[in-house]
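Please read the structure below before turning to the comments.
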Amino acid sequence: MNKKAALVLSGGAARGIAHIGVIEELTKHGFKITSIAGNSMGAFIGAVFVMNKIEEFKERILALDKKDVLKFIDFSFGKQGFIKGEKIFKELQNFFPDTDIENLKIPYAAVAADIKNMKEVVFTEGSLYKAVRASISIPSIFKPVKTDNAVLVDGGVVNPIPVNRITRTKNDILIASYVNANIPYSKPSIPDQHYKQKSVDFNKKFKELLSKRENKDKLNYFSLLSKSTNLLTHRLSIMNIEKYKPDLLIETSRETAGLFDFFKAKELIEAGKKATIKALSDNNTLS
């Protein structure tokens with residue numbers, strides 16, 4: 001028998017790929033997702049799911065290597081963000097032709113923050129692409145989305161795991177997937193040959209801006225901003241989880257990947273599956 005699930009997906013940039021593993025494992029265990037809400041990468045994965053494009057996206061993301069990721073980074077050293085994001089957004093849009101949220105097969109919500117009017121914005125109708133585009137606009141990284149009356153950025157500023165914005169249906173189970181958990185990380189067993197990458201000449205600016213992982217203890221501008229933002233969103237997430245208490249909390253460690261480590265898709269999907277199995281095992285009533 002299918003168990004109805006109201007699924008909430010946190011933000012987390014590349015770590016959000018773990019949500020794919022979460023969805024696959026929940027489906028494997030007999031859960032039927034009847035509504036979905038997300039922030040940032042969670043909003044995107046949710047959109048891909050409701051548009052029945054998740055397998056297509058998975059295939060594409062698994063094919064990426066470091067060189068491919070670099071191609072999508074169109075630097076813009078302006079005041080509003082150092083990545084234009086147009087290449088990324090164009091690629092993402094390929095996975096779902098734009099449609100109105102209210103016409104989707106299940107209720108969907110994406111969260112963004114309006115920094116002009118100092119408020120949270122929840123998209124439950126209108127353009128799906130525009131909702132996702134706003135929700136993934138990480139402050140100082142991507143340029144914000146401007147409208148006549150608002151300046152929209154990543155919803156993690158106000159609601160990084162929108163447990164309170166999901167549409168509930170009768171007898172459903174509230175499940176939250178949090179990919180920024182402050183817990184130890186045990187790397188899944190993946191053949192070494194999977195990580196054989198083409199030689200990539202990362203230029204100095206790219207190294208400085210994205211804080212290469214081997215220099216992660218060096219606090220440059222980007223890493224200082226990233227660590228501060230991570231702390232803020234983590235505390236907001238914990239407060240939201242404690243307040244709204246999902247029936248099942250699936251936690252994936254923040255140590256799985258960095259902001260743009262999309263080439264680690266296979267490892268991230270496996271991490272999401274492993275986290276789901278653990279959560280279900282710890283909660284015998286839902287497994």
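For the structure tokens, the naming scheme is as follows: chains receive sequential letters (A, B, ...) according to their order of presentation, residues are indexed from 1 within each chain, and ligands are indexed from 1 in presentation order.
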Write out as an mmCIF file with N, CA, C and O atoms, in the first residue's frame which residues come within 10 Å of Ala265 (chain A) when counting only C-alpha atoms, dropping same-chain ones fewer than 6 positions away.
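Here's the written file out_16.cif:
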data_model
loop_
_atom_site.group_PDB
_atom_site.id
_atom_site.type_symbol
_atom_site.label_atom_id
_atom_site.label_comp_id
_atom_site.auth_asym_id
_atom_site.auth_seq_id
_atom_site.Cartn_x
_atom_site.Cartn_y
_atom_site.Cartn_z
ATOM 1 N N ALA A 14 24.845 22.149 -4.482
ATOM 2 C CA ALA A 14 25.118 20.820 -5.028
ATOM 3 C C ALA A 14 24.652 19.713 -4.095
ATOM 4 O O ALA A 14 24.242 18.636 -4.547
ATOM 5 N N ARG A 15 24.675 19.962 -2.799
ATOM 6 C CA ARG A 15 24.225 18.934 -1.848
ATOM 7 C C ARG A 15 22.762 18.560 -2.070
ATOM 8 O O ARG A 15 22.324 17.478 -1.676
ATOM 9 N N GLY A 16 22.013 19.467 -2.695
ATOM 10 C CA GLY A 16 20.613 19.199 -2.968
ATOM 11 C C GLY A 16 20.389 18.032 -3.907
ATOM 12 O O GLY A 16 19.281 17.486 -3.986
ATOM 13 N N ILE A 17 21.434 17.618 -4.620
ATOM 14 C CA ILE A 17 21.317 16.447 -5.490
ATOM 15 C C ILE A 17 20.971 15.206 -4.670
ATOM 16 O O ILE A 17 20.362 14.261 -5.166
ATOM 17 N N ALA A 18 21.347 15.224 -3.397
ATOM 18 C CA ALA A 18 21.025 14.097 -2.509
ATOM 19 C C ALA A 18 19.522 13.872 -2.421
ATOM 20 O O ALA A 18 19.065 12.751 -2.140
ATOM 21 N N ILE A 20 17.535 13.557 -4.751
ATOM 22 C CA ILE A 20 17.165 12.547 -5.753
ATOM 23 C C ILE A 20 17.203 11.162 -5.126
ATOM 24 O O ILE A 20 16.285 10.346 -5.291
ATOM 25 N N GLY A 21 18.269 10.888 -4.373
ATOM 26 C CA GLY A 21 18.386 9.611 -3.684
ATOM 27 C C GLY A 21 17.291 9.424 -2.650
ATOM 28 O O GLY A 21 16.776 8.318 -2.462
ATOM 29 N N LYS A 58 18.706 13.307 -13.655
ATOM 30 C CA LYS A 58 19.695 12.429 -13.022
ATOM 31 C C LYS A 58 20.730 11.971 -14.040
ATOM 32 O O LYS A 58 21.935 11.989 -13.771
ATOM 33 N N GLU A 59 20.274 11.566 -15.201
ATOM 34 C CA GLU A 59 21.187 11.121 -16.251
ATOM 35 C C GLU A 59 22.146 12.243 -16.657
ATOM 36 O O GLU A 59 23.345 12.022 -16.840
ATOM 37 N N ARG A 60 21.615 13.451 -16.761
ATOM 38 C CA ARG A 60 22.447 14.591 -17.160
ATOM 39 C C ARG A 60 23.456 14.950 -16.080
ATOM 40 O O ARG A 60 24.632 15.165 -16.368
ATOM 41 N N ILE A 61 23.022 14.977 -14.838
ATOM 42 C CA ILE A 61 23.907 15.396 -13.758
ATOM 43 C C ILE A 61 24.986 14.359 -13.491
ATOM 44 O O ILE A 61 26.112 14.688 -13.113
ATOM 45 N N LEU A 62 24.677 13.090 -13.709
ATOM 46 C CA LEU A 62 25.673 12.031 -13.513
ATOM 47 C C LEU A 62 26.776 12.093 -14.565
ATOM 48 O O LEU A 62 27.868 11.558 -14.354
ATOM 49 N N ALA A 63 26.501 12.737 -15.683
ATOM 50 C CA ALA A 63 27.480 12.820 -16.766
ATOM 51 C C ALA A 63 28.439 13.995 -16.605
ATOM 52 O O ALA A 63 29.423 14.106 -17.337
ATOM 53 N N LEU A 64 28.170 14.874 -15.645
ATOM 54 C CA LEU A 64 29.003 16.061 -15.478
ATOM 55 C C LEU A 64 30.348 15.734 -14.837
ATOM 56 O O LEU A 64 30.424 14.928 -13.911
ATOM 57 N N ASP A 65 31.407 16.377 -15.329
ATOM 58 C CA ASP A 65 32.683 16.344 -14.631
ATOM 59 C C ASP A 65 33.064 17.775 -14.272
ATOM 60 O O ASP A 65 32.304 18.717 -14.500
ATOM 61 N N ALA A 257 29.557 17.630 0.172
ATOM 62 C CA ALA A 257 30.034 18.346 -1.015
ATOM 63 C C ALA A 257 30.054 19.852 -0.765
ATOM 64 O O ALA A 257 29.410 20.353 0.158
ATOM 65 N N ALA A 271 24.405 9.115 -0.994
ATOM 66 C CA ALA A 271 24.320 9.641 0.373
ATOM 67 C C ALA A 271 22.870 9.884 0.766
ATOM 68 O O ALA A 271 22.464 9.625 1.909
#
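Every protein, DNA or RNA residue with an atom at most 12 Å from Asp282 (chain A), where only C-alpha atoms count and chain neighbours fewer than 3 positions away do not, is listed here: Asp247, Leu248, Leu249, Ile250, Glu251, Ala275, Thr276, Ile277, Lys278, Ala279, Thr285, Leu286 and Ser287 of chain A.
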Could those residues be written to a file, using C-alpha atoms, as a PDB file, in the first residue's frame?
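Generated output (again15.pdb):
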ATOM      1  CA  ASP A 247       7.005  12.816  11.083  1.00  0.00           C
ATOM      2  CA  LEU A 248      10.243  11.755   9.406  1.00  0.00           C
ATOM      3  CA  LEU A 249      13.446  13.808   9.220  1.00  0.00           C
ATOM      4  CA  ILE A 250      16.043  12.626   6.707  1.00  0.00           C
ATOM      5  CA  GLU A 251      19.443  14.165   7.444  1.00  0.00           C
ATOM      6  CA  ALA A 275      20.281   8.844   4.870  1.00  0.00           C
ATOM      7  CA  THR A 276      16.745   7.778   3.955  1.00  0.00           C
ATOM      8  CA  ILE A 277      17.365   4.154   4.864  1.00  0.00           C
ATOM      9  CA  LYS A 278      18.784   5.230   8.221  1.00  0.00           C
ATOM     10  CA  ALA A 279      15.855   7.541   8.966  1.00  0.00           C
ATOM     11  CA  THR A 285       6.457   2.820  12.367  1.00  0.00           C
ATOM     12  CA  LEU A 286       7.117   4.252   8.876  1.00  0.00           C
ATOM     13  CA  SER A 287       9.532   1.733   7.344  1.00  0.00           C
TER      14      SER A 287
END
Hey, which bits of region 30-70 of chain A sit within 10 Å of region 114-130 of chain A, and for each residue what's the closest pair of atoms and how far apart in Å (one decimal), counting only C-alpha atoms, rows by chain and increasing number, as CSV?
residue,atom,partner,partner_atom,distance
A:Ala37,CA,A:Thr124,CA,9.3
A:Gly38,CA,A:Val122,CA,9.9
A:Asn39,CA,A:Val122,CA,9.7
A:Ala43,CA,A:Leu128,CA,9.8
A:Phe44,CA,A:Tyr129,CA,8.9
A:Ala47,CA,A:Leu128,CA,7.5
(message) According to DSSP computed on the backbone, where in region 111-185 of chain A is there strand (DSSP E)? Give the residues as a PyMOL selection string.
(response) chain A and resi 111-114+119-123+140-142+145-146+151-154+173-181
(request) Write down as a ChimeraX atom specification the residues of region 76-177 of chain A whose backbone DSSP state falls under helix (DSSP H, G or I). (result) /A:86-93,101-103,128-135,155-157,163-165
Let me see the file: selected residues, N, CA, C and O atoms, as a short mmCIF file (atom, residue, chain, number, x, y, z; two decimals), in the first residue's frame.
data_model
loop_
_atom_site.label_atom_id
_atom_site.label_comp_id
_atom_site.auth_asym_id
_atom_site.auth_seq_id
_atom_site.Cartn_x
_atom_site.Cartn_y
_atom_site.Cartn_z
N GLU A 86 23.17 32.81 -15.99
CA GLU A 86 22.32 32.60 -17.16
C GLU A 86 22.57 31.24 -17.81
O GLU A 86 21.64 30.57 -18.27
N LYS A 87 23.83 30.80 -17.87
CA LYS A 87 24.14 29.50 -18.45
C LYS A 87 23.53 28.38 -17.63
O LYS A 87 22.98 27.42 -18.16
N ILE A 88 23.63 28.53 -16.32
CA ILE A 88 23.06 27.52 -15.42
C ILE A 88 21.55 27.49 -15.55
O ILE A 88 20.94 26.42 -15.70
N PHE A 89 20.93 28.67 -15.52
CA PHE A 89 19.48 28.73 -15.56
C PHE A 89 18.92 28.24 -16.89
O PHE A 89 17.85 27.63 -16.95
N LYS A 90 19.65 28.51 -17.96
CA LYS A 90 19.22 28.03 -19.27
C LYS A 90 19.25 26.50 -19.30
O LYS A 90 18.35 25.85 -19.83
N GLU A 91 20.31 25.93 -18.72
CA GLU A 91 20.43 24.48 -18.67
C GLU A 91 19.32 23.87 -17.81
O GLU A 91 18.69 22.87 -18.18
N LEU A 92 19.06 24.49 -16.67
CA LEU A 92 18.03 23.97 -15.78
C LEU A 92 16.65 24.03 -16.43
O LEU A 92 15.83 23.13 -16.26
N GLN A 93 16.40 25.10 -17.17
CA GLN A 93 15.10 25.27 -17.80
C GLN A 93 14.81 24.18 -18.83
O GLN A 93 13.65 23.89 -19.13
N ILE A 101 2.23 26.74 -11.89
CA ILE A 101 2.29 25.86 -10.73
C ILE A 101 0.94 25.23 -10.43
O ILE A 101 0.84 24.05 -10.07
N GLU A 102 -0.12 26.02 -10.57
CA GLU A 102 -1.45 25.51 -10.24
C GLU A 102 -1.92 24.40 -11.18
O GLU A 102 -2.90 23.71 -10.89
N ASN A 103 -1.19 24.19 -12.29
CA ASN A 103 -1.56 23.13 -13.22
C ASN A 103 -0.75 21.85 -13.03
O ASN A 103 -0.91 20.89 -13.80
N LEU A 128 6.29 28.38 -12.98
CA LEU A 128 7.15 27.45 -12.24
C LEU A 128 8.62 27.83 -12.41
O LEU A 128 9.38 27.85 -11.44
N TYR A 129 9.02 28.16 -13.62
CA TYR A 129 10.42 28.52 -13.86
C TYR A 129 10.81 29.76 -13.07
O TYR A 129 11.88 29.79 -12.44
N LYS A 130 9.98 30.77 -13.09
CA LYS A 130 10.30 32.00 -12.36
C LYS A 130 10.39 31.75 -10.85
O LYS A 130 11.21 32.35 -10.16
N ALA A 131 9.54 30.86 -10.35
CA ALA A 131 9.57 30.53 -8.93
C ALA A 131 10.89 29.86 -8.57
O ALA A 131 11.54 30.23 -7.57
N VAL A 132 11.31 28.90 -9.38
CA VAL A 132 12.57 28.21 -9.12
C VAL A 132 13.75 29.15 -9.29
O VAL A 132 14.70 29.16 -8.49
N ARG A 133 13.70 29.97 -10.33
CA ARG A 133 14.78 30.93 -10.61
C ARG A 133 14.99 31.86 -9.42
O ARG A 133 16.14 32.16 -9.04
N ALA A 134 13.91 32.31 -8.81
CA ALA A 134 14.03 33.19 -7.64
C ALA A 134 14.56 32.43 -6.44
O ALA A 134 15.44 32.90 -5.70
N SER A 135 14.05 31.22 -6.23
CA SER A 135 14.40 30.45 -5.05
C SER A 135 15.86 30.05 -5.01
O SER A 135 16.43 29.87 -3.92
N GLY A 155 15.48 31.54 -0.93
CA GLY A 155 14.59 31.49 0.23
C GLY A 155 15.27 31.08 1.51
O GLY A 155 14.68 31.20 2.60
N GLY A 156 16.51 30.58 1.42
CA GLY A 156 17.23 30.18 2.62
C GLY A 156 17.47 31.33 3.58
O GLY A 156 17.72 31.11 4.77
N VAL A 157 17.37 32.55 3.10
CA VAL A 157 17.53 33.73 3.94
C VAL A 157 16.43 33.80 5.00
O VAL A 157 16.65 34.29 6.11
N VAL A 163 9.08 23.65 6.05
CA VAL A 163 8.15 22.64 6.56
C VAL A 163 6.75 23.22 6.74
O VAL A 163 5.75 22.51 6.61
N ASN A 164 6.68 24.51 7.02
CA ASN A 164 5.39 25.16 7.26
C ASN A 164 4.70 25.64 5.99
O ASN A 164 3.62 26.23 6.05
N ARG A 165 5.30 25.38 4.82
CA ARG A 165 4.71 25.86 3.56
C ARG A 165 4.20 24.73 2.68
O ARG A 165 3.76 24.97 1.56
#
